[in-house]
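> Data file input14.cif (mmCIF, C-alpha atoms) is appended below.
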data_protein
loop_
_atom_site.group_PDB
_atom_site.id
_atom_site.type_symbol
_atom_site.label_atom_id
_atom_site.label_comp_id
_atom_site.auth_asym_id
_atom_site.auth_seq_id
_atom_site.Cartn_x
_atom_site.Cartn_y
_atom_site.Cartn_z
ATOM 1 C CA MET Z 102 -66.483 4.246 -55.719
ATOM 2 C CA ILE Z 103 -69.326 3.261 -53.469
ATOM 3 C CA GLU Z 104 -70.510 -0.315 -53.587
ATOM 4 C CA ALA Z 105 -72.034 -2.932 -51.342
ATOM 5 C CA GLY Z 106 -69.588 -3.608 -48.531
ATOM 6 C CA THR Z 107 -68.035 -0.123 -48.504
ATOM 7 C CA ARG Z 108 -67.312 0.690 -44.872
ATOM 8 C CA LEU Z 109 -67.889 4.112 -43.340
ATOM 9 C CA PRO Z 110 -65.211 5.581 -41.083
ATOM 10 C CA PRO Z 111 -66.272 4.574 -37.541
ATOM 11 C CA LEU Z 112 -67.410 7.289 -35.164
ATOM 12 C CA GLU Z 113 -66.704 7.290 -31.440
ATOM 13 C CA THR Z 114 -68.146 9.949 -29.219
ATOM 14 C CA ARG Z 115 -68.570 10.354 -25.478
ATOM 15 C CA LEU Z 116 -71.888 11.599 -24.141
ATOM 16 C CA THR Z 117 -71.683 13.435 -20.824
ATOM 17 C CA ARG Z 118 -74.263 14.951 -18.499
ATOM 18 C CA LEU Z 119 -73.506 18.315 -20.110
ATOM 19 C CA ASP Z 120 -74.463 16.860 -23.507
ATOM 20 C CA LEU Z 121 -77.765 15.638 -22.053
ATOM 21 C CA VAL Z 122 -78.553 19.032 -20.567
ATOM 22 C CA ARG Z 123 -77.619 20.757 -23.804
ATOM 23 C CA TYR Z 124 -79.796 18.373 -25.831
ATOM 24 C CA ALA Z 125 -82.704 18.838 -23.426
ATOM 25 C CA GLY Z 126 -82.532 22.592 -23.974
ATOM 26 C CA ALA Z 127 -82.058 22.399 -27.738
ATOM 27 C CA SER Z 128 -84.801 19.803 -28.285
ATOM 28 C CA GLY Z 129 -87.304 20.864 -25.643
ATOM 29 C CA ASP Z 130 -87.360 17.319 -24.190
ATOM 30 C CA PHE Z 131 -87.168 17.963 -20.447
ATOM 31 C CA ASN Z 132 -88.119 14.468 -19.270
ATOM 32 C CA PRO Z 133 -86.344 14.317 -15.857
ATOM 33 C CA ILE Z 134 -84.970 10.788 -16.427
ATOM 34 C CA HIS Z 135 -82.399 12.575 -18.622
ATOM 35 C CA TRP Z 136 -81.094 14.874 -15.863
ATOM 36 C CA SER Z 137 -82.419 13.895 -12.435
ATOM 37 C CA GLU Z 138 -80.880 11.031 -10.461
ATOM 38 C CA SER Z 139 -84.017 10.642 -8.321
ATOM 39 C CA ALA Z 140 -86.325 10.569 -11.371
ATOM 40 C CA ALA Z 141 -84.080 7.888 -12.899
ATOM 41 C CA ALA Z 142 -84.246 5.853 -9.661
ATOM 42 C CA THR Z 143 -88.046 6.136 -9.565
ATOM 43 C CA ALA Z 144 -88.121 4.771 -13.129
ATOM 44 C CA ARG Z 145 -85.872 1.913 -11.878
ATOM 45 C CA LEU Z 146 -82.974 2.997 -14.056
ATOM 46 C CA PRO Z 147 -79.358 2.598 -12.849
ATOM 47 C CA THR Z 148 -78.686 6.304 -13.418
ATOM 48 C CA VAL Z 149 -79.677 9.151 -15.744
ATOM 49 C CA ILE Z 150 -80.009 7.940 -19.368
ATOM 50 C CA ALA Z 151 -79.399 9.635 -22.706
ATOM 51 C CA HIS Z 152 -82.369 10.785 -24.795
ATOM 52 C CA GLY Z 153 -82.968 8.121 -27.458
ATOM 53 C CA MET Z 154 -83.217 10.948 -29.983
ATOM 54 C CA LEU Z 155 -79.792 12.257 -28.900
ATOM 55 C CA THR Z 156 -78.224 8.847 -29.553
ATOM 56 C CA MET Z 157 -80.102 8.653 -32.864
ATOM 57 C CA GLY Z 158 -78.984 12.147 -33.878
ATOM 58 C CA VAL Z 159 -75.352 11.553 -32.939
ATOM 59 C CA ALA Z 160 -75.277 8.166 -34.704
ATOM 60 C CA LEU Z 161 -76.270 9.772 -38.014
ATOM 61 C CA ARG Z 162 -73.063 11.835 -37.899
ATOM 62 C CA ALA Z 163 -71.250 8.666 -39.031
ATOM 63 C CA VAL Z 164 -73.272 8.923 -42.247
ATOM 64 C CA THR Z 165 -73.276 12.684 -42.768
ATOM 65 C CA GLU Z 166 -69.549 13.037 -42.052
ATOM 66 C CA TRP Z 167 -68.996 10.334 -44.660
ATOM 67 C CA CYS Z 168 -71.250 11.729 -47.400
ATOM 68 C CA GLY Z 169 -70.595 15.384 -46.494
ATOM 69 C CA ASP Z 170 -74.085 16.691 -47.200
ATOM 70 C CA PRO Z 171 -76.803 15.789 -44.646
ATOM 71 C CA GLY Z 172 -79.366 16.995 -47.194
ATOM 72 C CA LEU Z 173 -78.736 13.795 -49.166
ATOM 73 C CA VAL Z 174 -80.206 11.643 -46.370
ATOM 74 C CA VAL Z 175 -83.713 10.773 -47.546
ATOM 75 C CA ASP Z 176 -84.569 8.053 -45.027
ATOM 76 C CA TYR Z 177 -83.263 7.282 -41.536
ATOM 77 C CA GLY Z 178 -84.757 4.826 -39.085
ATOM 78 C CA VAL Z 179 -83.853 3.033 -35.852
ATOM 79 C CA ARG Z 180 -85.265 0.902 -33.070
ATOM 80 C CA PHE Z 181 -84.280 1.898 -29.560
ATOM 81 C CA SER Z 182 -83.265 -1.458 -28.101
ATOM 82 C CA ARG Z 183 -81.386 -0.523 -24.926
ATOM 83 C CA VAL Z 184 -81.008 2.566 -22.751
ATOM 84 C CA VAL Z 185 -77.664 4.383 -22.539
ATOM 85 C CA PRO Z 186 -76.821 5.151 -18.882
ATOM 86 C CA VAL Z 187 -74.747 8.338 -18.554
ATOM 87 C CA PRO Z 188 -72.981 8.439 -15.169
ATOM 88 C CA ASP Z 189 -71.765 11.791 -13.882
ATOM 89 C CA GLY Z 190 -68.124 12.352 -14.797
ATOM 90 C CA GLU Z 191 -67.093 9.620 -17.206
ATOM 91 C CA GLY Z 192 -70.282 9.707 -19.305
ATOM 92 C CA ALA Z 193 -70.953 7.044 -21.937
ATOM 93 C CA LEU Z 194 -68.908 6.136 -24.994
ATOM 94 C CA ILE Z 195 -70.963 5.511 -28.144
ATOM 95 C CA ARG Z 196 -69.487 3.752 -31.164
ATOM 96 C CA VAL Z 197 -71.025 3.800 -34.622
ATOM 97 C CA ASP Z 198 -69.970 1.496 -37.449
ATOM 98 C CA GLY Z 199 -71.605 1.626 -40.836
ATOM 99 C CA ALA Z 200 -71.426 -0.233 -44.116
ATOM 100 C CA VAL Z 201 -73.175 0.101 -47.462
ATOM 101 C CA ALA Z 202 -75.625 -2.800 -47.807
ATOM 102 C CA HIS Z 203 -76.516 -2.091 -51.412
ATOM 103 C CA VAL Z 204 -76.559 0.613 -54.063
ATOM 104 C CA ASP Z 205 -79.521 1.266 -56.361
ATOM 105 C CA ASP Z 206 -79.084 1.759 -60.120
ATOM 106 C CA ASP Z 207 -79.419 5.532 -59.662
ATOM 107 C CA GLY Z 208 -76.576 5.553 -57.108
ATOM 108 C CA THR Z 209 -78.711 5.745 -53.958
ATOM 109 C CA ALA Z 210 -76.795 4.066 -51.116
ATOM 110 C CA HIS Z 211 -78.459 2.002 -48.385
ATOM 111 C CA VAL Z 212 -76.305 2.108 -45.257
ATOM 112 C CA GLU Z 213 -76.656 -0.206 -42.261
ATOM 113 C CA LEU Z 214 -75.452 1.067 -38.917
ATOM 114 C CA SER Z 215 -74.299 -0.671 -35.772
ATOM 115 C CA VAL Z 216 -74.554 1.599 -32.726
ATOM 116 C CA THR Z 217 -73.044 0.248 -29.522
ATOM 117 C CA HIS Z 218 -72.326 1.287 -25.964
ATOM 118 C CA ALA Z 219 -70.127 -0.905 -23.751
ATOM 119 C CA GLY Z 220 -70.375 -3.649 -26.378
ATOM 120 C CA ASP Z 221 -74.183 -3.729 -26.501
ATOM 121 C CA GLU Z 222 -76.315 -2.616 -29.441
ATOM 122 C CA VAL Z 223 -78.308 0.397 -28.235
ATOM 123 C CA LEU Z 224 -80.002 0.977 -31.595
ATOM 124 C CA THR Z 225 -81.036 -1.920 -33.810
ATOM 125 C CA ARG Z 226 -82.300 -2.055 -37.382
ATOM 126 C CA ALA Z 227 -80.543 1.280 -37.824
ATOM 127 C CA TYR Z 228 -80.195 2.295 -41.448
ATOM 128 C CA ALA Z 229 -79.911 5.392 -43.592
ATOM 129 C CA VAL Z 230 -80.659 5.924 -47.278
ATOM 130 C CA VAL Z 231 -78.420 8.468 -49.008
ATOM 131 C CA ARG Z 232 -79.251 9.710 -52.477
ATOM 132 C CA PRO Z 233 -76.543 10.862 -54.870
ATOM 133 C CA PRO Z 234 -76.060 14.604 -55.381
ATOM 134 C CA ARG Z 235 -77.960 16.103 -58.348
ATOM 135 C CA ASP Z 236 -74.703 16.580 -60.216
ATOM 136 C CA GLY Z 237 -73.265 13.107 -59.923
ATOM 137 C CA ARG Z 238 -72.556 10.071 -57.815
ATOM 138 C CA LEU Z 239 -71.648 9.905 -54.157
ATOM 139 C CA GLU Z 240 -67.921 10.312 -53.806
ATOM 140 C CA PRO Z 241 -66.986 10.694 -50.167
ATOM 141 C CA MET D 214 -105.397 1.075 -17.842
ATOM 142 C CA SER D 215 -105.267 0.084 -21.500
ATOM 143 C CA LEU D 216 -105.005 2.559 -24.348
ATOM 144 C CA ASN D 217 -108.250 3.778 -25.858
ATOM 145 C CA ARG D 218 -108.590 2.166 -29.283
ATOM 146 C CA GLU D 219 -111.331 4.580 -30.254
ATOM 147 C CA LEU D 220 -108.562 7.093 -30.904
ATOM 148 C CA LEU D 221 -107.179 5.124 -33.868
ATOM 149 C CA GLY D 222 -107.106 7.518 -36.790
ATOM 150 C CA ARG D 223 -107.390 10.652 -34.660
ATOM 151 C CA ARG D 224 -105.421 13.540 -36.133
ATOM 152 C CA TYR D 225 -103.772 16.466 -34.354
ATOM 153 C CA GLU D 226 -102.892 19.558 -36.383
ATOM 154 C CA SER D 227 -100.781 22.674 -35.943
ATOM 155 C CA ARG D 228 -102.573 25.836 -34.979
ATOM 156 C CA GLU D 229 -99.719 27.909 -36.336
ATOM 157 C CA PRO D 230 -96.637 27.141 -38.456
ATOM 158 C CA TYR D 231 -93.278 26.377 -36.864
ATOM 159 C CA GLU D 232 -90.825 28.988 -38.117
ATOM 160 C CA VAL D 233 -87.361 27.476 -38.449
ATOM 161 C CA ALA D 234 -84.756 29.900 -37.091
ATOM 162 C CA LEU D 235 -81.059 29.908 -38.017
ATOM 163 C CA VAL D 236 -80.021 30.160 -34.361
ATOM 164 C CA LYS D 237 -82.255 27.239 -33.398
ATOM 165 C CA VAL D 238 -80.783 25.044 -36.150
ATOM 166 C CA ARG D 239 -77.269 25.920 -34.970
ATOM 167 C CA GLU D 240 -78.191 25.244 -31.352
ATOM 168 C CA PHE D 241 -79.660 21.844 -32.234
ATOM 169 C CA ALA D 242 -76.657 20.884 -34.407
ATOM 170 C CA ARG D 243 -74.271 21.858 -31.569
ATOM 171 C CA ALA D 244 -76.276 19.719 -29.167
ATOM 172 C CA LEU D 245 -75.423 16.795 -31.480
ATOM 173 C CA GLY D 246 -71.774 17.884 -31.483
ATOM 174 C CA ASP D 247 -72.068 18.572 -35.199
ATOM 175 C CA GLU D 248 -70.153 21.447 -36.768
ATOM 176 C CA ASN D 249 -71.095 20.615 -40.392
ATOM 177 C CA PRO D 250 -70.993 24.026 -42.157
ATOM 178 C CA LEU D 251 -74.270 23.260 -43.961
ATOM 179 C CA TYR D 252 -75.978 23.533 -40.528
ATOM 180 C CA HIS D 253 -74.135 26.673 -39.437
ATOM 181 C CA ASP D 254 -72.999 28.803 -42.357
ATOM 182 C CA PRO D 255 -75.621 30.269 -44.726
ATOM 183 C CA ALA D 256 -72.952 31.025 -47.362
ATOM 184 C CA ALA D 257 -71.709 27.414 -47.343
ATOM 185 C CA ALA D 258 -75.294 26.160 -47.604
ATOM 186 C CA ARG D 259 -75.963 28.442 -50.608
ATOM 187 C CA ARG D 260 -72.805 27.215 -52.314
ATOM 188 C CA ALA D 261 -74.190 23.674 -51.892
ATOM 189 C CA GLY D 262 -77.380 24.756 -53.674
ATOM 190 C CA TYR D 263 -79.654 25.333 -50.677
ATOM 191 C CA PRO D 264 -81.586 28.558 -50.017
ATOM 192 C CA HIS D 265 -80.372 28.706 -46.383
ATOM 193 C CA VAL D 266 -78.763 26.431 -43.792
ATOM 194 C CA ILE D 267 -80.315 22.973 -43.576
ATOM 195 C CA ALA D 268 -81.391 21.375 -40.308
ATOM 196 C CA PRO D 269 -80.059 18.037 -39.039
ATOM 197 C CA PRO D 270 -82.498 15.313 -40.185
ATOM 198 C CA THR D 271 -83.589 14.514 -36.612
ATOM 199 C CA PHE D 272 -84.552 18.185 -36.056
ATOM 200 C CA ALA D 273 -87.955 17.229 -37.480
ATOM 201 C CA VAL D 274 -88.917 15.888 -34.022
ATOM 202 C CA VAL D 275 -88.568 19.406 -32.662
ATOM 203 C CA VAL D 276 -90.712 20.924 -35.402
ATOM 204 C CA ALA D 277 -93.395 18.271 -34.870
ATOM 205 C CA GLN D 278 -93.165 18.253 -31.081
ATOM 206 C CA ALA D 279 -96.304 20.207 -30.156
ATOM 207 C CA GLU D 280 -98.561 17.925 -32.217
ATOM 208 C CA ARG D 281 -96.837 14.757 -30.953
ATOM 209 C CA LEU D 282 -97.272 15.897 -27.342
ATOM 210 C CA ALA D 283 -100.914 16.819 -27.963
ATOM 211 C CA MET D 284 -101.403 13.223 -29.115
ATOM 212 C CA LEU D 285 -99.387 11.486 -26.371
ATOM 213 C CA ARG D 286 -100.994 13.635 -23.659
ATOM 214 C CA ASP D 287 -104.532 13.412 -25.011
ATOM 215 C CA PRO D 288 -106.461 12.575 -21.817
ATOM 216 C CA GLU D 289 -108.788 10.334 -23.839
ATOM 217 C CA LEU D 290 -105.838 8.156 -24.925
ATOM 218 C CA GLY D 291 -104.931 7.121 -21.381
ATOM 219 C CA LEU D 292 -101.160 6.860 -21.905
ATOM 220 C CA ASP D 293 -99.195 7.069 -18.630
ATOM 221 C CA PRO D 294 -95.916 8.967 -19.274
ATOM 222 C CA ALA D 295 -94.190 6.939 -16.530
ATOM 223 C CA ARG D 296 -94.894 3.718 -18.491
ATOM 224 C CA MET D 297 -93.890 5.138 -21.855
ATOM 225 C CA LEU D 298 -90.722 4.123 -23.706
ATOM 226 C CA HIS D 299 -89.764 5.410 -27.176
ATOM 227 C CA THR D 300 -89.197 2.282 -29.282
ATOM 228 C CA GLU D 301 -88.959 3.283 -32.941
ATOM 229 C CA GLN D 302 -88.380 6.374 -35.014
ATOM 230 C CA ARG D 303 -88.050 6.916 -38.726
ATOM 231 C CA PHE D 304 -87.705 10.035 -40.911
ATOM 232 C CA ARG D 305 -88.334 10.196 -44.624
ATOM 233 C CA TYR D 306 -87.420 13.385 -46.451
ATOM 234 C CA ARG D 307 -88.455 14.783 -49.822
ATOM 235 C CA ARG D 308 -86.175 17.730 -49.166
ATOM 236 C CA PRO D 309 -84.222 19.001 -46.148
ATOM 237 C CA ILE D 310 -85.683 21.470 -43.657
ATOM 238 C CA PHE D 311 -84.254 24.958 -44.301
ATOM 239 C CA ALA D 312 -83.896 27.889 -41.935
ATOM 240 C CA GLY D 313 -86.696 30.251 -42.881
ATOM 241 C CA ASP D 314 -89.195 27.446 -43.493
ATOM 242 C CA ALA D 315 -92.656 27.858 -41.961
ATOM 243 C CA LEU D 316 -93.844 24.284 -41.453
ATOM 244 C CA LEU D 317 -97.223 22.888 -40.489
ATOM 245 C CA ALA D 318 -97.168 19.606 -38.577
ATOM 246 C CA THR D 319 -99.704 16.859 -38.054
ATOM 247 C CA ALA D 320 -99.796 13.754 -35.891
ATOM 248 C CA GLU D 321 -102.060 10.756 -36.376
ATOM 249 C CA ILE D 322 -102.485 7.601 -34.331
ATOM 250 C CA VAL D 323 -102.073 4.771 -36.840
ATOM 251 C CA ASP D 324 -101.922 1.640 -34.675
ATOM 252 C CA ILE D 325 -102.444 0.354 -31.161
ATOM 253 C CA SER D 326 -101.329 -3.239 -30.690
ATOM 254 C CA VAL D 327 -100.571 -5.699 -27.902
ATOM 255 C CA ARG D 328 -97.156 -7.247 -27.360
ATOM 256 C CA GLY D 329 -97.234 -9.622 -24.409
ATOM 257 C CA GLN D 330 -98.257 -7.635 -21.362
ATOM 258 C CA HIS D 331 -97.496 -4.379 -23.094
ATOM 259 C CA GLU D 332 -99.079 -2.171 -25.730
ATOM 260 C CA VAL D 333 -97.467 -0.386 -28.660
ATOM 261 C CA LEU D 334 -98.787 2.955 -29.875
ATOM 262 C CA ALA D 335 -97.684 3.892 -33.396
ATOM 263 C CA TRP D 336 -98.107 7.253 -35.062
ATOM 264 C CA ARG D 337 -97.343 9.113 -38.247
ATOM 265 C CA GLN D 338 -96.436 12.785 -38.444
ATOM 266 C CA GLU D 339 -96.080 14.977 -41.501
ATOM 267 C CA LEU D 340 -94.389 18.322 -42.031
ATOM 268 C CA ALA D 341 -95.811 20.470 -44.815
ATOM 269 C CA ALA D 342 -94.025 23.478 -46.287
ATOM 270 C CA ALA D 343 -95.768 26.782 -47.009
ATOM 271 C CA ASP D 344 -96.677 25.575 -50.539
ATOM 272 C CA GLY D 345 -98.515 22.599 -49.012
ATOM 273 C CA ASP D 346 -95.966 19.956 -50.059
ATOM 274 C CA VAL D 347 -95.199 17.345 -47.415
ATOM 275 C CA ILE D 348 -91.410 17.456 -47.058
ATOM 276 C CA CYS D 349 -90.951 15.040 -44.165
ATOM 277 C CA THR D 350 -92.815 12.025 -42.798
ATOM 278 C CA LEU D 351 -92.016 10.831 -39.273
ATOM 279 C CA ASP D 352 -93.082 7.382 -38.116
ATOM 280 C CA GLY D 353 -92.709 6.627 -34.441
ATOM 281 C CA SER D 354 -93.877 4.317 -31.733
ATOM 282 C CA VAL D 355 -93.819 3.989 -27.976
ATOM 283 C CA PHE D 356 -94.166 1.040 -25.654
ATOM 284 C CA SER D 357 -96.795 1.392 -22.944
ATOM 285 C CA ARG D 358 -95.437 -0.967 -20.276
ATOM 286 C CA GLY D 359 -97.804 -3.422 -18.651
ATOM 287 C CA THR D 360 -101.056 -1.962 -19.993
ATOM 288 C CA ALA D 361 -102.267 -4.798 -22.254
ATOM 289 C CA PRO D 362 -105.952 -5.546 -21.692
ATOM 290 C CA ALA D 363 -106.473 -8.484 -19.322
#
Show this structure as structure tokens.


Amino acid sequence: MIEAGTRLPPLETRLTRLDLVRYAGASGDFNPIHWSESAAATARLPTVIAHGMLTMGVALRAVTEWCGDPGLVVDYGVRFSRVVPVPDGEGALIRVDGAVAHVDDDGTAHVELSVTHAGDEVLTRAYAVVRPPRDGRLEP
Amino acid sequence: MSLNRELLGRRYESREPYEVALVKVREFARALGDENPLYHDPAAARRAGYPHVIAPPTFAVVVAQAERLAMLRDPELGLDPARMLHTEQRFRYRRPIFAGDALLATAEIVDISVRGQHEVLAWRQELAAADGDVICTLDGSVFSRGTAPA
């Protein structure tokens, strides 16, 4: 039963330089601040940073792994509040926590997400709206 | 240099549809570390009631990329890529993107505002399926650092 307050299983994932390179290739976003140390320095960044859209895409896994069917996500929005530095080697650990804020009469669930790196929120006002499947209610 | 407000309302349109390929959807899903069978396995997607694999919701930025870049790089806009910072992104879906879709994308500048010393450029993009229905709306914005008019 899904109701306001239902918590999603948390998601922890580590982004490495390889993930950034792979995302650059898959997305076509070749901005050098995501792979070049000197470009990052010129932009006055501590090191190479993750693509905001990579963090956004990975964060939604907390929702889609919970509801099972990504096709049920009808609305997903975030603000990019802080960059995610990805040092060579260790990379950056991202944690996603989610909870259902409310459920509409038709069963549509409004999920609020907290997306953090090293204790700081890297996405704010992050939410997803998940509609129920055609044949019933959400039952993760 | 400040952003050119005369471009408010300017629209950028696809010259040709973006054809969504199965291998591209899989590649994008893997780049998110996501092995959900609905992204990878056409048979699993059909069992779930879809005509083909579905794309991760954020894949819409890839489909709409050419039109977004045409807008952001419009020389008349005056946006300096080195001062640009992605600040907001939202996706609204009427249905998922399927492999095999041929989608037409648009981009439109909907707002240019000042926030302190900075400017914010906001846009709206739409993806239309072959039947003309808009299946996805993307709202985004970037910060243009330090370009507010004096």

> Might you pull out every residue within 12 Å of Arg308 of chain D, with only C-alpha atoms counted and same-chain residues fewer than 6 positions away left off, and present them as a PyMOL selection string?

(chain Z and resi 171-176+232) or (chain D and resi 263-264+267-270+273+314+340-342+346-350)

> Just give me the residues with any atom within 10 Å of (-70.6, -1.3, -55.1), file coordinates, counting all atoms listed in the file, written as a PyMOL selection string.

chain Z and resi 102-107+201-205+208+210

> Using all atoms listed in the file, find each residue of chain Z with at least one atom at most 6 Å away from an atom of chain D; report its shortest atom-to-atom pair and that distance in Å (one decimal), sort the rows by chain and rising residue number, and return the result as a tab-separated table.


residue	atom	partner	partner_atom	distance
Z:Arg123	CA	D:Ala244	CA	5.6
Z:Tyr124	CA	D:Ala244	CA	5.0
Z:Ala127	CA	D:Phe241	CA	5.1
Z:Ser128	CA	D:Val275	CA	5.8
Z:Gly158	CA	D:Thr271	CA	5.9
Z:Val159	CA	D:Leu245	CA	5.4
Z:Gly172	CA	D:Pro309	CA	5.4
Z:Val175	CA	D:Tyr306	CA	4.7
Z:Asp176	CA	D:Arg305	CA	4.4
Z:Tyr177	CA	D:Phe304	CA	5.3
Z:Gly178	CA	D:Arg303	CA	3.9
Z:Val179	CA	D:Gln302	CA	5.7
Z:Arg180	CA	D:Glu301	CA	4.4
Z:Phe181	CA	D:Thr300	CA	4.9

> Excluding Gly192 of chain Z and any residue of its chain fewer than 3 positions from it, enumerate the residues within 7 Å of it, using only C-alpha atoms, and give them as a list of chain:residue names.

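The neighbour list is Z:Arg115, Z:Leu116, Z:Thr117, Z:Arg118, Z:Val187, Z:Pro188, Z:Asp189.
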
> Taking into account only C-alpha atoms, which residue in the set Z:Leu155, Z:Ala163, Z:Cys168, Z:Val185 is nearest to Pro234 of chain Z?

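Among the listed residues, the smallest separation from Pro234 of chain Z belongs to Z:Cys168.
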
> Between atom CA of Ala160 of chain Z and atom CA of Ile322 of chain D, what is the spacing in Å?

27.2 Å

> Identify the residues around (-94.3, 7.0, -20.3) within a radius of 12 Å, measuring from all atoms listed in the file in the coordinates stated by the file, and give them as a CSV table (one decimal) with C-alpha atoms, keeping the file's coordinate frame.


chain,number,residue,atom,x,y,z
Z,132,ASN,CA,-88.1,14.5,-19.3
Z,133,PRO,CA,-86.3,14.3,-15.9
Z,134,ILE,CA,-85.0,10.8,-16.4
Z,144,ALA,CA,-88.1,4.8,-13.1
D,282,LEU,CA,-97.3,15.9,-27.3
D,285,LEU,CA,-99.4,11.5,-26.4
D,286,ARG,CA,-101.0,13.6,-23.7
D,291,GLY,CA,-104.9,7.1,-21.4
D,292,LEU,CA,-101.2,6.9,-21.9
D,293,ASP,CA,-99.2,7.1,-18.6
D,294,PRO,CA,-95.9,9.0,-19.3
D,295,ALA,CA,-94.2,6.9,-16.5
D,296,ARG,CA,-94.9,3.7,-18.5
D,297,MET,CA,-93.9,5.1,-21.9
D,298,LEU,CA,-90.7,4.1,-23.7
D,299,HIS,CA,-89.8,5.4,-27.2
D,300,THR,CA,-89.2,2.3,-29.3
D,332,GLU,CA,-99.1,-2.2,-25.7
D,333,VAL,CA,-97.5,-0.4,-28.7
D,334,LEU,CA,-98.8,3.0,-29.9
D,354,SER,CA,-93.9,4.3,-31.7
D,355,VAL,CA,-93.8,4.0,-28.0
D,356,PHE,CA,-94.2,1.0,-25.7
D,357,SER,CA,-96.8,1.4,-22.9
D,358,ARG,CA,-95.4,-1.0,-20.3
D,359,GLY,CA,-97.8,-3.4,-18.7
D,360,THR,CA,-101.1,-2.0,-20.0

> What's the separation between atom CA of Gly222 of chain D and atom CA of Pro288 of chain D, in Å to one decimal place?

15.8 Å

> Between atom CA of Thr209 of chain Z and atom CA of His253 of chain D, measure the distance and give it in Å to one decimal.

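Calculated distance between atom CA of Thr209 of chain Z and atom CA of His253 of chain D is 25.9 Å.
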
> Return the single residue from Z:Ile195, Z:Asp206, Z:Ala142, Z:Phe131 that is closest to Thr156 of chain Z, with distances computed using only C-alpha atoms.

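Nearest candidate to Thr156 of chain Z out of Z:Ile195, Z:Asp206, Z:Ala142, Z:Phe131: Z:Ile195.
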
> For Thr217 of chain Z, which residue among Z:Ala229, Z:Leu119, Z:Leu112, Z:Val149 is the nearest when counting only C-alpha atoms?

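Of the candidates, the smallest distance to Thr217 of chain Z is held by Z:Leu112.
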
> Which residues would end up in the selection if the PyMOL selection byres ((chain Z and resi 108) around 6) were applied here, given that I need the answer as a list in words?

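That expression, the PyMOL selection byres ((chain Z and resi 108) around 6), corresponds here to Thr107, Leu109, Gly199 and Ala200 of chain Z.
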
> Given the file above and the PyMOL selection byres ((chain Z and resi 150) around 9), which residues are selected, and can you give them as a PyMOL selection string?

chain Z and resi 121+134-136+141+146-149+151-153+184-188

> Once 5 Å is added on each side, what are the centre and the three edge lengths, in Å to one decimal, of the axis-aligned box enclosing the listed atoms of segment 346-359 of chain D? Present them as AutoDock Vina command-line options.


--center_x -94.4 --center_y 8.3 --center_z -34.4 --size_x 16.9 --size_y 33.4 --size_z 41.4

> Which is closer to Ala315 of chain D than all the others in D:Asp254, D:Glu339, D:Glu232, D:Glu280, using only C-alpha atoms?

D:Glu232

> Complete segment 293-305 of chain D at the level of N, CA and C atoms, written as a CSV table (one decimal), keeping the file's coordinate frame.


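Listing of out.csv after writing:
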chain,number,residue,atom,x,y,z
D,293,ASP,N,-99.9,6.6,-19.8
D,293,ASP,CA,-99.2,7.1,-18.6
D,293,ASP,C,-97.7,7.4,-19.0
D,294,PRO,N,-97.3,8.6,-18.9
D,294,PRO,CA,-95.9,9.0,-19.3
D,294,PRO,C,-94.9,8.1,-18.5
D,295,ALA,N,-95.2,7.7,-17.3
D,295,ALA,CA,-94.2,6.9,-16.5
D,295,ALA,C,-94.0,5.5,-17.1
D,296,ARG,N,-95.0,5.1,-17.9
D,296,ARG,CA,-94.9,3.7,-18.5
D,296,ARG,C,-94.4,3.7,-19.9
D,297,MET,N,-94.1,5.0,-20.4
D,297,MET,CA,-93.9,5.1,-21.9
D,297,MET,C,-92.4,5.0,-22.2
D,298,LEU,N,-92.1,4.3,-23.3
D,298,LEU,CA,-90.7,4.1,-23.7
D,298,LEU,C,-90.7,4.3,-25.2
D,299,HIS,N,-89.9,5.2,-25.7
D,299,HIS,CA,-89.8,5.4,-27.2
D,299,HIS,C,-89.1,4.2,-27.8
D,300,THR,N,-89.8,3.5,-28.8
D,300,THR,CA,-89.2,2.3,-29.3
D,300,THR,C,-88.7,2.4,-30.7
D,301,GLU,N,-89.4,3.2,-31.5
D,301,GLU,CA,-89.0,3.3,-32.9
D,301,GLU,C,-89.1,4.7,-33.4
D,302,GLN,N,-88.2,5.1,-34.4
D,302,GLN,CA,-88.4,6.4,-35.0
D,302,GLN,C,-87.8,6.3,-36.4
D,303,ARG,N,-88.5,6.9,-37.3
D,303,ARG,CA,-88.0,6.9,-38.7
D,303,ARG,C,-88.4,8.3,-39.3
D,304,PHE,N,-87.5,8.8,-40.2
D,304,PHE,CA,-87.7,10.0,-40.9
D,304,PHE,C,-87.6,9.8,-42.4
D,305,ARG,N,-88.5,10.2,-43.2
D,305,ARG,CA,-88.3,10.2,-44.6
D,305,ARG,C,-88.5,11.6,-45.1
